[in-house]
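What follows is a short report on a single structure.
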Amino acid sequence: MSEALQSLLDLLDLERIEEDIYRGRSRSAVVPRVFGGQVAAQAMVAAGRTVPADRHAHSLHAYFLRPGDPGAPIVYNVDRLRDGRSFTTRRVVAVQHGKPIFTLSASFQTYEEGLDHQAPMPPAPDPATLPTGEERLRSYPHLPAETVERFLEARAAVDLRYVDDPPFGDFGTPREPHSQVWFRTNGKLADDPLLHVVLATYVSDMTLLDSVLLAHGRGGWAVGDVVGASLDHAMWFHRPFRADEWLLYDQQSPSASGGRGLGQARIHTQDGRLAVSVVQEGVVRVPREQ
């Protein structure tokens with residue numbers, strides 16, 4: 001396991017303060033606030049620690065309410081909304097400086113047999129044939145060295161490979177609002193289904209709004225031609241998967257309006273199983289001087 005992955009796992013390992021109350025710490029992100037994927041992942045850890053081990057996460061729905069302060073701890077309060085025969089529901093509120101910054105509702109289910117079908121996996125190149133994240137980032141001379149290093153530090157725990165140029169790599173001309181990345185953790189993980197869900201949740205917030213930027217030829221936060229933040233985030237976990245094995249994150253944007261952009265995505269395992277569906281809307285604004 002890489003040192004960066006171990007550091008991330010330590011970050012996600014919350015401190016139990018009292019029954020159903022947990023505390024997490026933060027670290028710097030690419031933008032000067034707590035990374036939204038970190039808060040969502042930590043909230044899922046908090047929710048999962050109050051659920052029997054035989055009930056696995058099948059969905060989450062979250063709202064980002066306020067920017068998180070990387071220099072202050074985050075307290076996660078868990079409400080046990082329901083414990084049914086098949087489903088368990090939890091609500092988590094993340095608090096900093098006495099105010100909620102994030103809310104999450106998560107549902108867990110015991111395993112059952114049922115109807116089974118899925119959308120086919122889209123075509124994508126083998127991840128082994130693609131440049132690594134570091135190789136791709138260092139190939140763009142227009143990116144300041146400081147920006148590149150911040151990206152690499154923020155993503156060091158994950159091997160994330162773009163199929164095509166990301167928005168910050170090739171911008172100025174609108175492209176199809178469709179983006180693909182392969183990702184896996186930089187090291188093996190324990191055989192804990194919740195851990196793999198938590199890591200996928202963490203990564204899911206890294207690139208989902210890229211397709212919004214592509215549609216308008218914008219480079220994004222790395223080059224400063226838009227400002228924005230995640231607003232809400234939803235995930236449905238359809239089939240078991242491992243976050244330490246290659247996953248294809250296929251993302252598109254059907255709409256942008258009113259200063260908001262919508263991203264939709266599916267995550268497939270390398271052998272073609274549809275593992276996760278994701279939807280996120282975020283603030284995407286063009287700076288006034290432009």
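Every chain in the structure tokens has a letter given in the order shown (A, B, ...), and although residue numbers restart at 1 in each chain, ligands are simply numbered from 1 in the order shown.
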
>> Going by DSSP on the backbone, which residues of segment 104-277 of chain A come out as strand (DSSP E)? List them as a VMD selection string.
In response: chain A and resid 104 to 110 158 to 162 178 to 185 227 to 237 247 to 257 260 to 269 274 to 277

> Which residues, written as a list in words, have at least one atom at most 12 Å from Leu65 of chain A, with only C-alpha atoms counted and residues fewer than 5 positions away on the same chain left out?
Replying inline: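 After dropping sequence-adjacent residues, the list is Gly36, Val39, Val93, Ala94, Val95, Gln96, Lys99, Pro100, Ile101, Phe102, Thr103, Leu104, Ala229, Ser230, Leu231, Asp232, His233 and Gly282 of chain A.
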
Please produce, as a Markdown table, a per-residue contact table for segment 198-252 of chain A versus segment 178-184 of chain A (criterion: any atom at most 7 Å away, only C-alpha atoms considered), showing the nearest atom pair and its distance in Å to one decimal, sorted by chain then residue number.
```
| residue | atom | partner | partner_atom | distance |
| --- | --- | --- | --- | --- |
| A:Asp210 | CA | A:Ser179 | CA | 6.8 |
| A:Ser211 | CA | A:His178 | CA | 5.1 |
| A:Ala243 | CA | A:Arg184 | CA | 5.5 |
| A:Asp244 | CA | A:Arg184 | CA | 4.8 |
| A:Glu245 | CA | A:Arg184 | CA | 5.4 |
| A:Trp246 | CA | A:Arg184 | CA | 5.1 |
| A:Leu247 | CA | A:Phe183 | CA | 5.4 |
| A:Leu248 | CA | A:Trp182 | CA | 4.6 |
| A:Tyr249 | CA | A:Val181 | CA | 5.2 |
| A:Asp250 | CA | A:Gln180 | CA | 4.6 |
| A:Gln251 | CA | A:Ser179 | CA | 5.1 |
| A:Gln252 | CA | A:His178 | CA | 4.3 |
```

Nearby residues (only C-alpha atoms) at most 9 Å from Arg218 of chain A, same-chain spacing under 3 positions excluded, as a PDB file with C-alpha atoms, in the first residue's frame:
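Result file follows (around_30.pdb):
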```
ATOM      1  CA  PRO A 167     -10.852  20.384 -19.380  1.00  0.00           C
ATOM      2  CA  PHE A 168      -7.753  22.067 -17.951  1.00  0.00           C
ATOM      3  CA  ASP A 170      -7.312  21.425 -23.717  1.00  0.00           C
ATOM      4  CA  PHE A 171      -9.735  24.330 -23.453  1.00  0.00           C
ATOM      5  CA  GLY A 172     -11.018  27.268 -25.485  1.00  0.00           C
ATOM      6  CA  THR A 173     -13.164  25.244 -27.887  1.00  0.00           C
ATOM      7  CA  PRO A 174     -16.365  23.474 -26.825  1.00  0.00           C
ATOM      8  CA  VAL A 212     -20.052  20.549 -17.937  1.00  0.00           C
ATOM      9  CA  LEU A 213     -16.803  22.434 -18.578  1.00  0.00           C
ATOM     10  CA  LEU A 214     -16.091  20.533 -21.794  1.00  0.00           C
ATOM     11  CA  ALA A 215     -19.420  21.614 -23.293  1.00  0.00           C
ATOM     12  CA  VAL A 223      -6.941  27.704 -14.944  1.00  0.00           C
ATOM     13  CA  ASP A 225     -11.958  30.578 -16.055  1.00  0.00           C
ATOM     14  CA  VAL A 226     -14.856  29.356 -13.889  1.00  0.00           C
TER      15      VAL A 226
END
```

> Leaving out Leu262 of chain A and any residue of its chain fewer than 2 positions from it, which residues lie within 9 Å of it when counting only C-alpha atoms, given as a ChimeraX atom specification?
Replying inline: /A:208-209,211-212,252-257,260,264,279-282

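Proximity of A:Gly187, A:Gly48, A:Gly272, A:Pro70 to Gly24 of chain A, computed with only C-alpha atoms, is greatest for A:Pro70.
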
>> Quick check for you: according to DSSP on this backbone, which residues of segment 173-261 of chain A are classed as alpha helix (DSSP H)? Reply as a PyMOL selection string.
In response: chain A and resi 193-207+210-215

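Closest to Leu274 of chain A among A:His216, A:His196, A:Arg150, A:His117 is A:His117, based on only C-alpha atoms.
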
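Checking A:Met44, A:Leu8, A:Ala119, A:Val51 one by one against Ser86 of chain A, counting only C-alpha atoms, you find the shortest gap at A:Val51.
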
> Hey, which of A:Pro131, A:Gly68, A:Pro144, A:Pro123 ends up closest to Asp271 of chain A? Count only C-alpha atoms.
Replying inline: A:Pro123

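Minimum atom-to-atom distances from A:Tyr162, A:Phe108, A:Tyr63, A:Phe151 to Asp126 of chain A were compared using only C-alpha atoms, and the lowest value belongs to A:Tyr162.
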
> Which of these, A:Arg288, A:His61, A:Lys188, A:His142, has the shortest distance to Thr201 of chain A once you count only C-alpha atoms?
Replying inline: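 Selected residue with least distance to Thr201 of chain A: A:His61.
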
Set the distance at 12 Å and use only C-alpha atoms: which residues neighbour Arg85 of chain A once local chain neighbours fewer than 5 positions away are removed? I'd like the list as a short mmCIF file (atom, residue, chain, number, x, y, z; two decimals) with C-alpha atoms, in the first residue's frame.
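The result, stored in part-v2.cif:
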```
data_model
loop_
_atom_site.label_atom_id
_atom_site.label_comp_id
_atom_site.auth_asym_id
_atom_site.auth_seq_id
_atom_site.Cartn_x
_atom_site.Cartn_y
_atom_site.Cartn_z
CA PRO A 52 -25.04 -4.15 11.02
CA ASP A 54 -24.69 -7.73 6.83
CA ARG A 55 -26.39 -4.59 5.46
CA PHE A 108 -28.38 0.05 3.54
CA GLN A 109 -29.93 -3.30 2.58
CA THR A 110 -29.51 -6.97 3.34
CA TYR A 111 -28.62 -9.07 0.29
CA GLU A 112 -31.52 -10.50 -1.70
#
```

>> Would you pick out the contacts of Arg33 of chain A at 10 Å or less, using only C-alpha atoms, so that residues sharing its chain but fewer than 4 positions from it are not included, and give the list as a list in words?
In response: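 Residues meeting the cut-off are Ser26, Arg27, Ser28, Ala29, Arg66, Pro67, Gly68, Asp69, Pro70, Gly71 and Ala229 of chain A.
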